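The next block is upload_36.cif, given as mmCIF, C-alpha atoms.
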```
data_model
#
loop_
_atom_site.label_atom_id
_atom_site.label_comp_id
_atom_site.auth_asym_id
_atom_site.auth_seq_id
_atom_site.Cartn_x
_atom_site.Cartn_y
_atom_site.Cartn_z
CA MET A 1 -84.10 -24.74 -69.04
CA PHE A 2 -85.01 -26.89 -66.01
CA PRO A 3 -85.05 -30.72 -65.93
CA ASP A 4 -88.53 -32.27 -65.67
CA ASP A 5 -87.75 -34.28 -62.51
CA PHE A 6 -86.43 -31.13 -60.86
CA LEU A 7 -89.62 -29.21 -61.67
CA LYS A 8 -91.84 -32.01 -60.38
CA ARG A 9 -90.03 -31.99 -57.05
CA LEU A 10 -90.04 -28.21 -56.86
CA ASP A 11 -93.80 -28.18 -57.46
CA LYS A 12 -94.21 -30.40 -54.38
CA GLN A 13 -91.87 -28.19 -52.36
CA LEU A 14 -93.30 -24.79 -53.31
CA GLY A 15 -96.80 -25.46 -54.59
CA PRO A 16 -98.15 -24.05 -57.88
CA ASP A 17 -97.92 -20.40 -56.85
CA GLY A 18 -94.41 -20.76 -55.46
CA LEU A 19 -93.24 -22.63 -58.53
CA ALA A 20 -94.68 -19.92 -60.78
CA ALA A 21 -92.81 -17.27 -58.78
CA PHE A 22 -89.60 -19.31 -58.96
CA LEU A 23 -89.89 -19.69 -62.74
CA ALA A 24 -90.65 -15.99 -63.14
CA SER A 25 -87.50 -15.11 -61.19
CA SER A 26 -85.39 -17.03 -63.70
CA ASP A 27 -86.48 -14.57 -66.40
CA ARG A 28 -85.20 -11.60 -64.43
CA PRO A 29 -81.59 -10.42 -64.85
CA ARG A 30 -79.25 -12.00 -62.32
CA ALA A 31 -78.23 -9.84 -59.38
CA VAL A 32 -74.46 -9.41 -59.35
CA ALA A 33 -72.48 -8.38 -56.30
CA LEU A 34 -69.05 -7.66 -54.92
CA ARG A 35 -67.55 -7.52 -51.45
CA ILE A 36 -65.15 -4.75 -50.41
CA ASN A 37 -61.88 -6.13 -49.01
CA SER A 38 -61.31 -4.51 -45.62
CA LEU A 39 -57.80 -6.04 -45.49
CA LYS A 40 -56.82 -3.75 -48.35
CA THR A 41 -58.13 -0.48 -46.99
CA ASN A 42 -60.67 1.02 -44.61
CA THR A 43 -61.15 4.02 -46.91
CA PRO A 44 -61.81 2.73 -50.44
CA PRO A 45 -61.78 5.14 -53.37
CA ASP A 46 -65.00 6.42 -54.87
CA LEU A 47 -66.94 3.48 -56.35
CA SER A 48 -70.18 5.35 -57.06
CA GLN A 49 -69.75 4.60 -60.77
CA TYR A 50 -70.76 1.00 -60.00
CA GLY A 51 -74.17 1.97 -58.59
CA LEU A 52 -73.60 0.06 -55.35
CA GLU A 53 -76.49 -1.13 -53.15
CA SER A 54 -75.90 -2.96 -49.86
CA VAL A 55 -76.44 -6.70 -49.59
CA PRO A 56 -78.46 -6.79 -46.34
CA TRP A 57 -77.00 -10.02 -44.92
CA ALA A 58 -73.34 -9.43 -45.80
CA GLN A 59 -70.86 -7.05 -44.22
CA GLN A 60 -69.13 -5.05 -46.98
CA GLY A 61 -71.32 -6.76 -49.61
CA TYR A 62 -72.85 -4.69 -52.41
CA TYR A 63 -74.92 -5.26 -55.53
CA TYR A 64 -73.51 -3.47 -58.57
CA ASN A 65 -74.76 -2.46 -62.00
CA PRO A 66 -73.55 -5.27 -64.33
CA ASN A 67 -73.02 -2.78 -67.15
CA THR A 68 -70.19 -1.17 -65.17
CA ARG A 69 -68.03 -4.35 -65.22
CA PRO A 70 -65.87 -3.78 -62.11
CA GLY A 71 -63.91 -6.95 -62.83
CA LEU A 72 -62.10 -5.11 -65.61
CA SER A 73 -60.87 -2.34 -63.31
CA ALA A 74 -57.37 -2.16 -61.86
CA TYR A 75 -59.11 -1.93 -58.48
CA HIS A 76 -60.02 -5.61 -58.94
CA GLU A 77 -56.42 -6.58 -59.69
CA ALA A 78 -55.32 -4.62 -56.61
CA GLY A 79 -57.64 -6.73 -54.45
CA LEU A 80 -59.98 -3.92 -53.44
CA TYR A 81 -62.99 -6.20 -53.89
CA TYR A 82 -64.01 -9.75 -54.71
CA LEU A 83 -66.79 -10.41 -57.20
CA GLN A 84 -69.05 -12.76 -55.24
CA GLU A 85 -72.66 -13.82 -55.71
CA ALA A 86 -74.78 -12.28 -52.94
CA SER A 87 -76.28 -15.53 -51.59
CA ALA A 88 -72.79 -17.05 -51.43
CA MET A 89 -71.86 -14.38 -48.88
CA ALA A 90 -74.28 -15.84 -46.32
CA PRO A 91 -72.47 -18.99 -45.03
CA ALA A 92 -69.24 -17.32 -43.90
CA GLY A 93 -71.27 -14.73 -42.02
CA LEU A 94 -72.94 -17.53 -40.04
CA LEU A 95 -69.59 -18.88 -38.79
CA ASP A 96 -69.19 -16.17 -36.12
CA VAL A 97 -65.46 -15.84 -36.82
CA GLN A 98 -63.45 -13.73 -34.36
CA PRO A 99 -59.90 -12.40 -34.77
CA GLY A 100 -57.26 -14.85 -33.55
CA MET A 101 -59.25 -18.02 -34.27
CA THR A 102 -58.03 -21.05 -36.21
CA VAL A 103 -60.43 -21.58 -39.11
CA LEU A 104 -60.76 -24.20 -41.86
CA ASP A 105 -62.48 -23.64 -45.20
CA LEU A 106 -62.57 -27.28 -46.31
CA CYS A 107 -63.88 -26.92 -49.90
CA ALA A 108 -62.57 -23.46 -50.56
CA ALA A 109 -62.06 -22.82 -54.31
CA PRO A 110 -62.30 -20.36 -55.91
CA GLY A 111 -61.81 -18.39 -52.68
CA GLY A 112 -64.72 -16.00 -52.14
CA LYS A 113 -65.75 -17.45 -48.80
CA SER A 114 -62.11 -17.86 -47.68
CA SER A 115 -61.38 -14.21 -48.41
CA GLN A 116 -64.53 -13.29 -46.48
CA ILE A 117 -63.33 -15.34 -43.49
CA ALA A 118 -59.88 -13.75 -43.73
CA ALA A 119 -61.41 -10.28 -43.50
CA LEU A 120 -63.24 -11.34 -40.33
CA LEU A 121 -59.96 -12.62 -38.84
CA GLN A 122 -58.42 -9.16 -39.44
CA GLY A 123 -54.97 -10.63 -40.06
CA GLN A 124 -54.93 -12.53 -36.76
CA GLY A 125 -55.03 -16.28 -36.19
CA LEU A 126 -54.77 -18.89 -38.93
CA LEU A 127 -56.95 -19.69 -41.94
CA ILE A 128 -56.44 -23.01 -43.70
CA SER A 129 -58.13 -23.07 -47.10
CA ASN A 130 -58.27 -26.46 -48.79
CA GLU A 131 -59.27 -27.61 -52.25
CA ILE A 132 -59.08 -31.22 -53.45
CA GLU A 133 -58.79 -30.43 -57.19
CA PRO A 134 -55.23 -29.29 -58.07
CA LYS A 135 -56.19 -26.72 -60.75
CA ARG A 136 -58.86 -25.20 -58.55
CA ALA A 137 -56.40 -25.14 -55.64
CA THR A 138 -54.04 -23.04 -57.78
CA ILE A 139 -56.85 -20.59 -58.57
CA LEU A 140 -57.70 -20.48 -54.86
CA GLY A 141 -54.11 -19.58 -54.01
CA ARG A 142 -53.99 -16.80 -56.59
CA ASN A 143 -57.24 -15.28 -55.36
CA LEU A 144 -56.10 -15.25 -51.73
CA GLU A 145 -52.84 -13.63 -52.83
CA ARG A 146 -54.78 -10.92 -54.68
CA MET A 147 -56.86 -10.24 -51.58
CA ALA A 148 -53.73 -9.43 -49.51
CA ILE A 149 -54.18 -12.31 -47.07
CA ALA A 150 -51.06 -13.04 -45.02
CA ASN A 151 -52.29 -15.55 -42.42
CA SER A 152 -53.50 -18.34 -44.72
CA LEU A 153 -52.27 -21.81 -45.56
CA VAL A 154 -53.63 -23.12 -48.87
CA LEU A 155 -53.70 -26.89 -49.23
CA ASN A 156 -54.58 -29.42 -51.94
CA GLU A 157 -55.68 -32.43 -49.89
CA HIS A 158 -58.49 -34.93 -49.43
CA PRO A 159 -60.72 -34.11 -46.42
CA LYS A 160 -60.11 -37.56 -44.93
CA LYS A 161 -56.35 -36.98 -44.86
CA LEU A 162 -56.84 -33.63 -43.16
CA SER A 163 -59.10 -35.21 -40.54
CA GLU A 164 -56.29 -37.59 -39.64
CA ARG A 165 -53.76 -34.75 -39.53
CA PHE A 166 -55.80 -32.14 -37.63
CA PRO A 167 -58.06 -33.83 -35.04
CA SER A 168 -59.96 -31.35 -32.79
CA PHE A 169 -57.83 -28.49 -34.14
CA PHE A 170 -60.16 -25.79 -35.47
CA ASP A 171 -62.36 -23.22 -33.74
CA ARG A 172 -64.49 -22.81 -36.86
CA ILE A 173 -65.01 -24.90 -40.01
CA LEU A 174 -66.86 -24.05 -43.20
CA VAL A 175 -67.99 -26.95 -45.38
CA ASP A 176 -69.31 -25.44 -48.60
CA ALA A 177 -69.84 -28.88 -50.06
CA PRO A 178 -69.76 -29.86 -53.75
CA CYS A 179 -73.39 -30.36 -54.76
CA SER A 180 -75.78 -30.89 -57.65
CA GLY A 181 -75.79 -27.12 -58.21
CA GLU A 182 -79.51 -26.54 -58.58
CA GLY A 183 -79.12 -23.01 -57.28
CA MET A 184 -76.79 -22.23 -60.18
CA PHE A 185 -79.07 -23.44 -63.01
CA ARG A 186 -79.57 -20.01 -64.54
CA LYS A 187 -75.94 -19.04 -63.97
CA GLU A 188 -74.17 -22.06 -65.45
CA GLU A 189 -75.50 -24.20 -68.30
CA ALA A 190 -73.51 -27.23 -67.12
CA ALA A 191 -75.38 -27.13 -63.81
CA TYR A 192 -78.66 -28.24 -65.40
CA THR A 193 -77.30 -30.29 -68.33
CA ASP A 194 -75.37 -32.50 -65.87
CA TRP A 195 -78.20 -32.75 -63.34
CA SER A 196 -80.07 -35.99 -62.60
CA VAL A 197 -81.80 -37.66 -59.68
CA GLU A 198 -78.82 -40.01 -59.48
CA THR A 199 -76.45 -37.04 -59.26
CA VAL A 200 -78.39 -35.69 -56.28
CA GLN A 201 -78.12 -39.04 -54.50
CA MET A 202 -74.40 -39.32 -55.28
CA CYS A 203 -73.75 -35.80 -54.00
CA ALA A 204 -75.63 -36.47 -50.76
CA LYS A 205 -73.47 -39.51 -50.04
CA ARG A 206 -70.27 -37.58 -50.73
CA GLN A 207 -71.42 -34.58 -48.69
CA LEU A 208 -72.03 -36.74 -45.63
CA GLU A 209 -68.52 -38.18 -45.93
CA ILE A 210 -66.99 -34.71 -46.20
CA LEU A 211 -69.02 -33.38 -43.29
CA SER A 212 -68.02 -36.37 -41.14
CA SER A 213 -64.34 -35.70 -41.89
CA ALA A 214 -64.83 -32.06 -40.93
CA ALA A 215 -66.49 -33.05 -37.64
CA GLN A 216 -63.31 -34.80 -36.50
CA MET A 217 -61.34 -31.57 -36.94
CA LEU A 218 -63.60 -29.26 -34.92
CA LYS A 219 -62.68 -28.45 -31.33
CA PRO A 220 -65.24 -29.21 -28.61
CA GLY A 221 -67.34 -26.06 -28.30
CA GLY A 222 -66.52 -25.08 -31.89
CA ARG A 223 -68.92 -24.05 -34.65
CA MET A 224 -69.27 -25.51 -38.14
CA VAL A 225 -71.37 -24.28 -41.06
CA TYR A 226 -72.53 -26.66 -43.79
CA SER A 227 -73.71 -25.06 -47.01
CA THR A 228 -74.69 -25.98 -50.55
CA CYS A 229 -75.98 -24.19 -53.64
CA THR A 230 -78.81 -26.65 -54.22
CA PHE A 231 -82.48 -26.95 -53.27
CA ALA A 232 -82.49 -30.74 -53.00
CA PRO A 233 -83.72 -31.90 -49.57
CA GLU A 234 -81.55 -35.03 -49.84
CA GLU A 235 -78.42 -32.83 -49.98
CA ASN A 236 -79.61 -30.37 -47.36
CA GLU A 237 -81.96 -31.42 -44.56
CA GLY A 238 -81.24 -35.06 -45.41
CA VAL A 239 -77.46 -34.77 -45.00
CA ILE A 240 -77.80 -32.79 -41.76
CA SER A 241 -80.30 -35.30 -40.35
CA ASP A 242 -78.06 -38.28 -41.18
CA PHE A 243 -75.03 -36.46 -39.79
CA LEU A 244 -76.66 -35.65 -36.46
CA ARG A 245 -77.78 -39.24 -35.99
CA CYS A 246 -74.18 -40.40 -36.38
CA HIS A 247 -72.66 -37.57 -34.30
CA PRO A 248 -74.57 -37.16 -31.02
CA ASP A 249 -71.95 -34.67 -29.77
CA PHE A 250 -73.19 -32.17 -32.40
CA SER A 251 -76.35 -30.07 -32.34
CA LEU A 252 -78.04 -27.55 -34.62
CA VAL A 253 -77.83 -23.84 -33.86
CA PRO A 254 -81.03 -22.24 -35.21
CA VAL A 255 -80.45 -19.44 -37.71
CA GLN A 256 -82.56 -16.33 -37.12
CA SER A 257 -83.00 -14.24 -40.26
CA SER A 258 -85.75 -12.17 -41.78
CA TRP A 259 -84.18 -12.65 -45.21
CA PHE A 260 -83.84 -16.42 -45.36
CA SER A 261 -86.49 -19.16 -45.44
CA SER A 262 -86.63 -21.85 -42.75
CA GLY A 263 -85.70 -25.46 -43.40
CA HIS A 264 -88.36 -28.12 -44.00
CA PRO A 265 -88.13 -31.33 -41.98
CA GLU A 266 -91.24 -32.64 -43.74
CA TRP A 267 -89.38 -32.82 -47.05
CA ILE A 268 -87.32 -35.83 -45.92
CA ALA A 269 -88.05 -39.18 -44.25
CA ASN A 270 -87.34 -39.62 -40.53
CA PRO A 271 -85.99 -36.12 -39.83
CA VAL A 272 -84.19 -35.28 -36.60
CA ASP A 273 -85.53 -32.48 -34.44
CA GLY A 274 -84.64 -28.87 -35.18
CA LEU A 275 -84.22 -28.91 -38.98
CA GLU A 276 -86.49 -25.88 -39.27
CA GLY A 277 -83.50 -23.98 -37.85
CA THR A 278 -81.62 -24.46 -41.14
CA VAL A 279 -82.14 -21.92 -43.92
CA ARG A 280 -82.63 -21.67 -47.67
CA LEU A 281 -82.08 -18.70 -49.92
CA TRP A 282 -84.61 -18.76 -52.77
CA PRO A 283 -84.01 -16.62 -55.88
CA HIS A 284 -87.71 -15.64 -56.08
CA LEU A 285 -87.67 -14.33 -52.49
CA LEU A 286 -84.44 -12.29 -52.50
CA ARG A 287 -81.81 -10.81 -54.82
CA GLY A 288 -79.50 -13.78 -55.15
CA GLU A 289 -79.17 -17.37 -56.33
CA GLY A 290 -80.10 -20.56 -54.49
CA HIS A 291 -78.29 -21.57 -51.29
CA PHE A 292 -78.74 -23.66 -48.15
CA ALA A 293 -76.97 -23.36 -44.79
CA ALA A 294 -76.97 -25.12 -41.43
CA VAL A 295 -75.02 -24.11 -38.33
CA LEU A 296 -73.67 -26.96 -36.18
CA MET A 297 -71.99 -26.85 -32.78
CA ARG A 298 -69.85 -29.50 -31.13
CA GLN A 299 -70.66 -29.91 -27.47
CA PRO A 300 -67.99 -28.61 -25.06
CA SER A 301 -65.99 -31.26 -23.24
CA ASP A 302 -63.01 -31.67 -20.92
CA VAL A 303 -60.92 -33.04 -23.80
CA SER A 304 -57.94 -30.78 -24.51
CA PRO A 305 -57.73 -29.44 -28.08
CA HIS A 306 -55.18 -31.23 -30.24
CA LYS A 307 -51.87 -29.37 -30.47
CA GLN A 308 -49.83 -29.37 -33.66
CA SER A 309 -46.07 -29.07 -33.92
CA LYS A 310 -45.03 -25.76 -35.46
CA GLU A 311 -43.22 -25.34 -38.75
CA PRO A 312 -39.57 -24.49 -37.89
CA SER A 313 -38.54 -20.91 -38.58
CA ILE A 314 -35.31 -19.44 -39.91
CA SER A 315 -33.46 -16.21 -39.19
CA ILE A 316 -33.99 -13.18 -41.41
CA PRO A 317 -31.25 -13.00 -44.10
CA LYS A 318 -29.40 -9.70 -44.38
CA GLU A 319 -30.65 -9.16 -47.94
CA LEU A 320 -34.26 -9.25 -46.80
CA ASP A 321 -33.49 -7.11 -43.76
CA GLU A 322 -31.77 -4.48 -45.91
CA PHE A 323 -34.63 -4.47 -48.41
CA CYS A 324 -37.22 -3.90 -45.67
CA LYS A 325 -35.19 -1.08 -44.11
CA THR A 326 -34.68 0.63 -47.47
CA MET A 327 -38.37 0.37 -48.38
CA GLY A 328 -39.65 1.20 -44.89
CA ILE A 329 -41.50 -2.11 -44.63
CA THR A 330 -42.62 -3.69 -41.36
CA LEU A 331 -43.43 -7.33 -41.98
CA PRO A 332 -46.46 -9.01 -40.36
CA ASP A 333 -45.97 -10.81 -37.08
CA GLY A 334 -45.01 -14.41 -37.72
CA ASP A 335 -42.20 -16.86 -38.36
CA LEU A 336 -39.96 -16.69 -41.41
CA ILE A 337 -39.85 -20.00 -43.27
CA SER A 338 -38.21 -21.24 -46.44
CA PHE A 339 -40.67 -22.98 -48.74
CA GLY A 340 -39.46 -24.04 -52.14
CA LYS A 341 -37.23 -21.30 -53.53
CA SER A 342 -39.08 -18.56 -51.70
CA LEU A 343 -39.15 -16.94 -48.28
CA TRP A 344 -42.55 -16.82 -46.59
CA MET A 345 -43.83 -15.16 -43.44
CA ALA A 346 -46.00 -17.79 -41.79
CA PRO A 347 -48.44 -17.20 -38.93
CA LYS A 348 -47.10 -18.09 -35.48
CA THR A 349 -49.51 -21.03 -35.34
CA MET A 350 -48.53 -22.50 -38.72
CA PRO A 351 -48.44 -26.32 -38.35
CA VAL A 352 -45.65 -28.49 -39.74
CA LEU A 353 -46.01 -28.67 -43.52
CA LYS A 354 -44.16 -31.93 -44.16
CA GLY A 355 -46.41 -34.47 -45.85
CA LEU A 356 -48.96 -31.89 -46.99
CA LYS A 357 -49.56 -30.66 -50.55
CA VAL A 358 -49.06 -26.95 -49.97
CA VAL A 359 -50.05 -24.26 -52.47
CA ARG A 360 -49.34 -21.21 -50.28
CA ALA A 361 -47.78 -21.02 -46.83
CA GLY A 362 -48.58 -17.59 -45.44
CA LEU A 363 -47.30 -14.40 -47.10
CA GLU A 364 -44.77 -14.90 -49.88
CA LEU A 365 -42.02 -12.32 -49.41
CA GLY A 366 -39.69 -13.10 -52.30
CA GLN A 367 -36.53 -14.94 -53.28
CA LEU A 368 -32.81 -14.67 -52.58
CA LEU A 369 -31.01 -14.55 -55.93
CA LYS A 370 -27.19 -14.24 -56.03
CA ASN A 371 -26.95 -12.35 -52.75
CA ARG A 372 -29.86 -10.04 -53.57
CA PHE A 373 -33.51 -10.09 -52.60
CA GLU A 374 -36.26 -9.97 -55.22
CA PRO A 375 -39.69 -9.17 -53.72
CA ALA A 376 -42.76 -11.24 -54.55
CA HIS A 377 -45.95 -9.88 -56.09
CA ALA A 378 -47.83 -11.09 -52.99
CA LEU A 379 -45.74 -8.79 -50.79
CA ALA A 380 -46.60 -5.80 -52.99
CA LEU A 381 -50.32 -6.53 -52.76
CA TRP A 382 -50.13 -6.88 -48.97
CA LEU A 383 -48.34 -3.55 -48.44
CA LYS A 384 -50.17 -0.33 -47.68
CA CYS A 385 -47.25 1.93 -48.57
CA ALA A 386 -43.47 2.04 -49.05
CA ASN A 387 -40.66 4.60 -49.02
CA SER A 388 -40.40 4.41 -52.80
CA GLN A 389 -43.82 4.59 -54.38
CA ALA A 390 -45.36 5.62 -57.73
CA ASP A 391 -49.11 6.32 -57.73
CA PHE A 392 -51.39 6.67 -60.76
CA PRO A 393 -55.15 7.16 -61.24
CA VAL A 394 -57.22 4.07 -62.05
CA ASP A 395 -58.11 5.28 -65.56
CA SER A 396 -54.60 6.50 -66.43
CA GLU A 397 -52.47 5.38 -69.37
CA GLU A 398 -49.74 4.37 -66.92
CA ILE A 399 -52.02 1.81 -65.24
CA ARG A 400 -53.09 0.44 -68.62
CA LEU A 401 -49.45 0.05 -69.63
CA TYR A 402 -48.56 -1.58 -66.32
CA LEU A 403 -51.30 -4.20 -66.47
CA SER A 404 -50.22 -5.08 -70.02
CA GLY A 405 -46.61 -5.59 -68.90
CA GLN A 406 -45.00 -2.57 -70.54
CA VAL A 407 -42.25 -0.26 -69.33
CA LEU A 408 -43.33 3.03 -67.73
CA PRO A 409 -41.64 6.42 -67.61
CA GLY A 410 -40.58 7.42 -64.10
CA THR A 411 -37.82 8.94 -62.00
CA PRO A 412 -37.62 6.62 -58.93
CA THR A 413 -34.64 4.28 -58.84
CA GLY A 414 -34.55 0.73 -57.53
CA TRP A 415 -37.55 -1.22 -56.30
CA THR A 416 -40.71 0.89 -56.23
CA LEU A 417 -44.24 0.04 -55.14
CA LEU A 418 -46.71 0.94 -57.88
CA THR A 419 -50.13 1.96 -56.57
CA VAL A 420 -53.47 2.80 -58.16
CA ASP A 421 -55.24 5.62 -56.31
CA GLY A 422 -53.19 4.68 -53.25
CA LEU A 423 -53.86 0.92 -53.47
CA SER A 424 -50.82 -1.31 -53.96
CA LEU A 425 -50.84 -3.10 -57.32
CA GLY A 426 -47.32 -4.48 -57.87
CA TRP A 427 -43.62 -3.78 -58.28
CA VAL A 428 -41.61 -1.74 -60.74
CA LYS A 429 -37.84 -1.22 -60.71
CA GLY A 430 -36.56 2.19 -61.72
CA SER A 431 -33.40 2.89 -63.70
CA ASN A 432 -32.36 5.61 -66.19
CA GLY A 433 -35.73 7.34 -66.21
CA VAL A 434 -37.86 4.28 -66.78
CA LEU A 435 -39.73 1.85 -64.53
CA LYS A 436 -39.18 -1.77 -65.50
CA ASN A 437 -42.40 -3.75 -65.21
CA HIS A 438 -42.51 -6.62 -62.68
CA TYR A 439 -46.22 -7.38 -62.94
CA PRO A 440 -46.46 -11.21 -63.17
CA LYS A 441 -46.63 -12.40 -66.79
CA GLY A 442 -49.51 -14.76 -66.05
CA LEU A 443 -51.67 -11.84 -64.91
CA ARG A 444 -50.93 -9.40 -67.73
CA ARG A 445 -53.70 -8.18 -70.00
CA MET A 446 -52.39 -8.91 -73.45
CA GLY A 447 -53.51 -6.79 -76.37
CA THR A 448 -54.39 -3.71 -74.31
#
```

Let me see whether you can do it: turn the structure in this file into structure tokens.
Amino acid sequence: MFPDDFLKRLDKQLGPDGLAAFLASSDRPRAVALRINSLKTNTPPDLSQYGLESVPWAQQGYYYNPNTRPGLSAYHEAGLYYLQEASAMAPAGLLDVQPGMTVLDLCAAPGGKSSQIAALLQGQGLLISNEIEPKRATILGRNLERMAIANSLVLNEHPKKLSERFPSFFDRILVDAPCSGEGMFRKEEAAYTDWSVETVQMCAKRQLEILSSAAQMLKPGGRMVYSTCTFAPEENEGVISDFLRCHPDFSLVPVQSSWFSSGHPEWIANPVDGLEGTVRLWPHLLRGEGHFAAVLMRQPSDVSPHKQSKEPSISIPKELDEFCKTMGITLPDGDLISFGKSLWMAPKTMPVLKGLKVVRAGLELGQLLKNRFEPAHALALWLKCANSQADFPVDSEEIRLYLSGQVLPGTPTGWTLLTVDGLSLGWVKGSNGVLKNHYPKGLRRMGT
């Protein structure tokens, strides 16, 4: 299943014994993992049926028994966890994100690392998650909505445009760069059928361009993590070495880990000093797929961070105010903005959106329709509780009916928050002994 040129290079990197161990690991079942979403709850329901085992390098990360299929559970739709490959949990953990920071995830789709960063921010500060491909940007937005993230701006822009718009703006930046995907060979067939030596070289050139755009957006004293899911030295140590030569105000921060393997300066020509402080995650040495990561720091300076103008806010309409009072809802701290046909609660530090291709602009609250307020699905997922609430067990017939878009029996009247074992899942609207289903049509499980 591996290309010949790839195996020849890997033999030079690992030696015969290491290559044999690597090939043997590809015959083992893949380790699958999930990450509990602390934004949803600090006391998750019993998940022992999944056979969880901790991922040692990831907070709230757990391996699960693949036969249990947690992605089919209503807990997944409620945003209780994100199915994320264990090695992919490493880069965000290296960012050292603190609540209140301004963070950029530059190549963010499908959203696993962004949701991990959001959990570290604890609802404070601003997360900008960007994806250059429109369809993938839409998927990114949906995943961040499901994970109950209120303080995020999702964009669909080219990194170069963002670098011009946000110079020296971010405290932390993650660049999980598009790569040749060698670490995903046994996970995705297209990863190895599309691979070539030329692809590796093309990716390395593009990665350096992306990383250079990111560098312009990092504040002096800020931290940036570059990561890939490939083993190719040209895309890893090579990109970092070329970047540091061109950016003398950046330096490597050595990564200390008993789980990860050190970088190899000797695998590239003319390496800069310190590349052994980068790390690789090898599938034959841990329970996960292939990954690479390097931590970079921009030297502090007397230059003041770039300040952005804020998106103008609007006053709270009476329909929204009345809805919140009736439901007992306290909205997150922020500024109310009108974006498209919807009302959104944006973080206080939300920059001006004009001229940007915006997918999501904070927390979508809902729409004003003929002097009434209709709440958004995103608001339901963000809520912990409401005055009118209907709760059902995860394996109940009511939850099955709800996820398939059907009407439920129920006595509450008006807007009601439907929850699964106490976790918000969506809206229903009660009238005449039934609960009309407001689960989004695009998310419904047809045929169940």

Discussion item. Quick check, in Å to one decimal: how far apart do CA of His76 (chain A) and CA of Phe185 (chain A) lie?
Written reply: 26.4 Å

Item to complete: Between A:Leu34, A:Glu364, A:Leu401, A:Leu286, single out the one closest to Ser258 (chain A), counting only C-alpha atoms.
Response: A:Leu286

May I have the protein, DNA and RNA residues with an atom at most 7 Å from (-73.3, -19.8, -48.6), counting all atoms listed in the file in the file's coordinates, returned as a PDB file with C-alpha atoms, keeping the file's coordinate frame?
```pdb
ATOM      1  CA  SER A  87     -76.280 -15.530 -51.590  1.00  0.00           C
ATOM      2  CA  ALA A  88     -72.790 -17.050 -51.430  1.00  0.00           C
ATOM      3  CA  MET A  89     -71.860 -14.380 -48.880  1.00  0.00           C
ATOM      4  CA  ALA A  90     -74.280 -15.840 -46.320  1.00  0.00           C
ATOM      5  CA  PRO A  91     -72.470 -18.990 -45.030  1.00  0.00           C
ATOM      6  CA  ALA A  92     -69.240 -17.320 -43.900  1.00  0.00           C
ATOM      7  CA  ASP A 176     -69.310 -25.440 -48.600  1.00  0.00           C
ATOM      8  CA  SER A 227     -73.710 -25.060 -47.010  1.00  0.00           C
ATOM      9  CA  THR A 228     -74.690 -25.980 -50.550  1.00  0.00           C
ATOM     10  CA  HIS A 291     -78.290 -21.570 -51.290  1.00  0.00           C
ATOM     11  CA  PHE A 292     -78.740 -23.660 -48.150  1.00  0.00           C
ATOM     12  CA  ALA A 293     -76.970 -23.360 -44.790  1.00  0.00           C
TER      13      ALA A 293
END
```

For the structure shown, which residues end up in the PyMOL selection byres ((chain A and resi 417-430) around 9)? Put them as a short mmCIF file (atom, residue, chain, number, x, y, z; two decimals) with C-alpha atoms, in the coordinates of the input, please?
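And here's expr-v1.cif as it stands now:
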```
data_model
loop_
_atom_site.label_atom_id
_atom_site.label_comp_id
_atom_site.auth_asym_id
_atom_site.auth_seq_id
_atom_site.Cartn_x
_atom_site.Cartn_y
_atom_site.Cartn_z
CA LYS A 40 -56.82 -3.75 -48.35
CA THR A 41 -58.13 -0.48 -46.99
CA PRO A 44 -61.81 2.73 -50.44
CA PRO A 45 -61.78 5.14 -53.37
CA ALA A 74 -57.37 -2.16 -61.86
CA TYR A 75 -59.11 -1.93 -58.48
CA GLU A 77 -56.42 -6.58 -59.69
CA ALA A 78 -55.32 -4.62 -56.61
CA GLY A 79 -57.64 -6.73 -54.45
CA LEU A 80 -59.98 -3.92 -53.44
CA MET A 327 -38.37 0.37 -48.38
CA PRO A 375 -39.69 -9.17 -53.72
CA ALA A 376 -42.76 -11.24 -54.55
CA HIS A 377 -45.95 -9.88 -56.09
CA ALA A 378 -47.83 -11.09 -52.99
CA LEU A 379 -45.74 -8.79 -50.79
CA ALA A 380 -46.60 -5.80 -52.99
CA LEU A 381 -50.32 -6.53 -52.76
CA TRP A 382 -50.13 -6.88 -48.97
CA LEU A 383 -48.34 -3.55 -48.44
CA LYS A 384 -50.17 -0.33 -47.68
CA CYS A 385 -47.25 1.93 -48.57
CA ALA A 386 -43.47 2.04 -49.05
CA ASN A 387 -40.66 4.60 -49.02
CA SER A 388 -40.40 4.41 -52.80
CA GLN A 389 -43.82 4.59 -54.38
CA ALA A 390 -45.36 5.62 -57.73
CA ASP A 391 -49.11 6.32 -57.73
CA PHE A 392 -51.39 6.67 -60.76
CA PRO A 393 -55.15 7.16 -61.24
CA VAL A 394 -57.22 4.07 -62.05
CA ILE A 399 -52.02 1.81 -65.24
CA TYR A 402 -48.56 -1.58 -66.32
CA VAL A 407 -42.25 -0.26 -69.33
CA LEU A 408 -43.33 3.03 -67.73
CA PRO A 409 -41.64 6.42 -67.61
CA GLY A 410 -40.58 7.42 -64.10
CA THR A 411 -37.82 8.94 -62.00
CA PRO A 412 -37.62 6.62 -58.93
CA THR A 413 -34.64 4.28 -58.84
CA GLY A 414 -34.55 0.73 -57.53
CA TRP A 415 -37.55 -1.22 -56.30
CA THR A 416 -40.71 0.89 -56.23
CA SER A 431 -33.40 2.89 -63.70
CA ASN A 432 -32.36 5.61 -66.19
CA GLY A 433 -35.73 7.34 -66.21
CA VAL A 434 -37.86 4.28 -66.78
CA LEU A 435 -39.73 1.85 -64.53
CA LYS A 436 -39.18 -1.77 -65.50
CA ASN A 437 -42.40 -3.75 -65.21
CA HIS A 438 -42.51 -6.62 -62.68
CA TYR A 439 -46.22 -7.38 -62.94
CA PRO A 440 -46.46 -11.21 -63.17
#
```
